[in-house]
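What follows is a short report on a single structure.
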Amino acid sequence: MTSTETRNGQAPGPEGDDGIPVKMLNDRILVRLGEAEGERRSSGGILIPATAQVGKRLAWAQVFAVGPNVRSIESGDKVLFNPEDRYEVEVRGTDYLILRERDIHAVAADRLDEGSTGLYL
């Protein structure tokens with residue numbers, strides 16, 4: 001963990017509207033989606049427009065803060081989740097999502113061991 005990351009739920013970047021640091025509670029996770037997905041290409045090179053209907057597509061997001069009861073995720077990780085299971089919040093003009101740890105399907109991080117299943121039991 002670097003000096004800018006914390007395990008106690010304190011977010012290094014987001015601050016409340018009055019400049020007070022945000023602390024996540026319980027098993028909550030504060031994440032931010034990457035750039036808005038527009039057109040994309042399939043592995044075969046077919047262009048898929050942004051307006052194409054894709055059923056049940058999961059999304060990746062960057063973790064900015066975690067609550068004290070989160071066991072498998074740390075600030076800086078990338079997480080895979082269902083975009084329909086989320087709460088949105090705006091902090092100082094930046095949009096974030098609040099998720100629960102149980103709603104996360106996968107975690108991507110350099111700290112994970114190669115060959116690790118990532119199973120949460």
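Naming scheme: A, B, ... for chains in displayed order of the structure tokens; residues 1 onward per chain; ligands 1 onward as shown.
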Env of Val31 (chain A): 7 Å cut, atoms = only C-alpha atoms, seq-sep filter 5 positions within chain, self excluded. Answer as a compact mmCIF listing (two decimals) with C-alpha atoms, in the first residue's frame.
```txt
# COMPACT_ATOMS: atom_id res chain seq x y z
CA ALA A 61 -14.30 0.57 -12.24
CA GLN A 62 -11.40 1.96 -10.19
CA VAL A 63 -11.70 1.77 -6.38
CA PHE A 64 -11.09 5.03 -4.50
CA TYR A 96 -18.69 8.13 -8.22
CA LEU A 97 -20.60 4.92 -7.55
CA ILE A 98 -21.21 3.28 -4.20
```
Residue contacts of Leu80 (chain A) (8 Å, only C-alpha atoms) excluding same-chain residues fewer than 2 positions away, as a VMD selection string: chain A and resid 58 to 61 78 82 104 to 107
Best match for closeness to Arg100 (chain A) among A:Leu112, A:Ile29, A:Ile46, A:Val22, counting only C-alpha atoms: A:Ile29
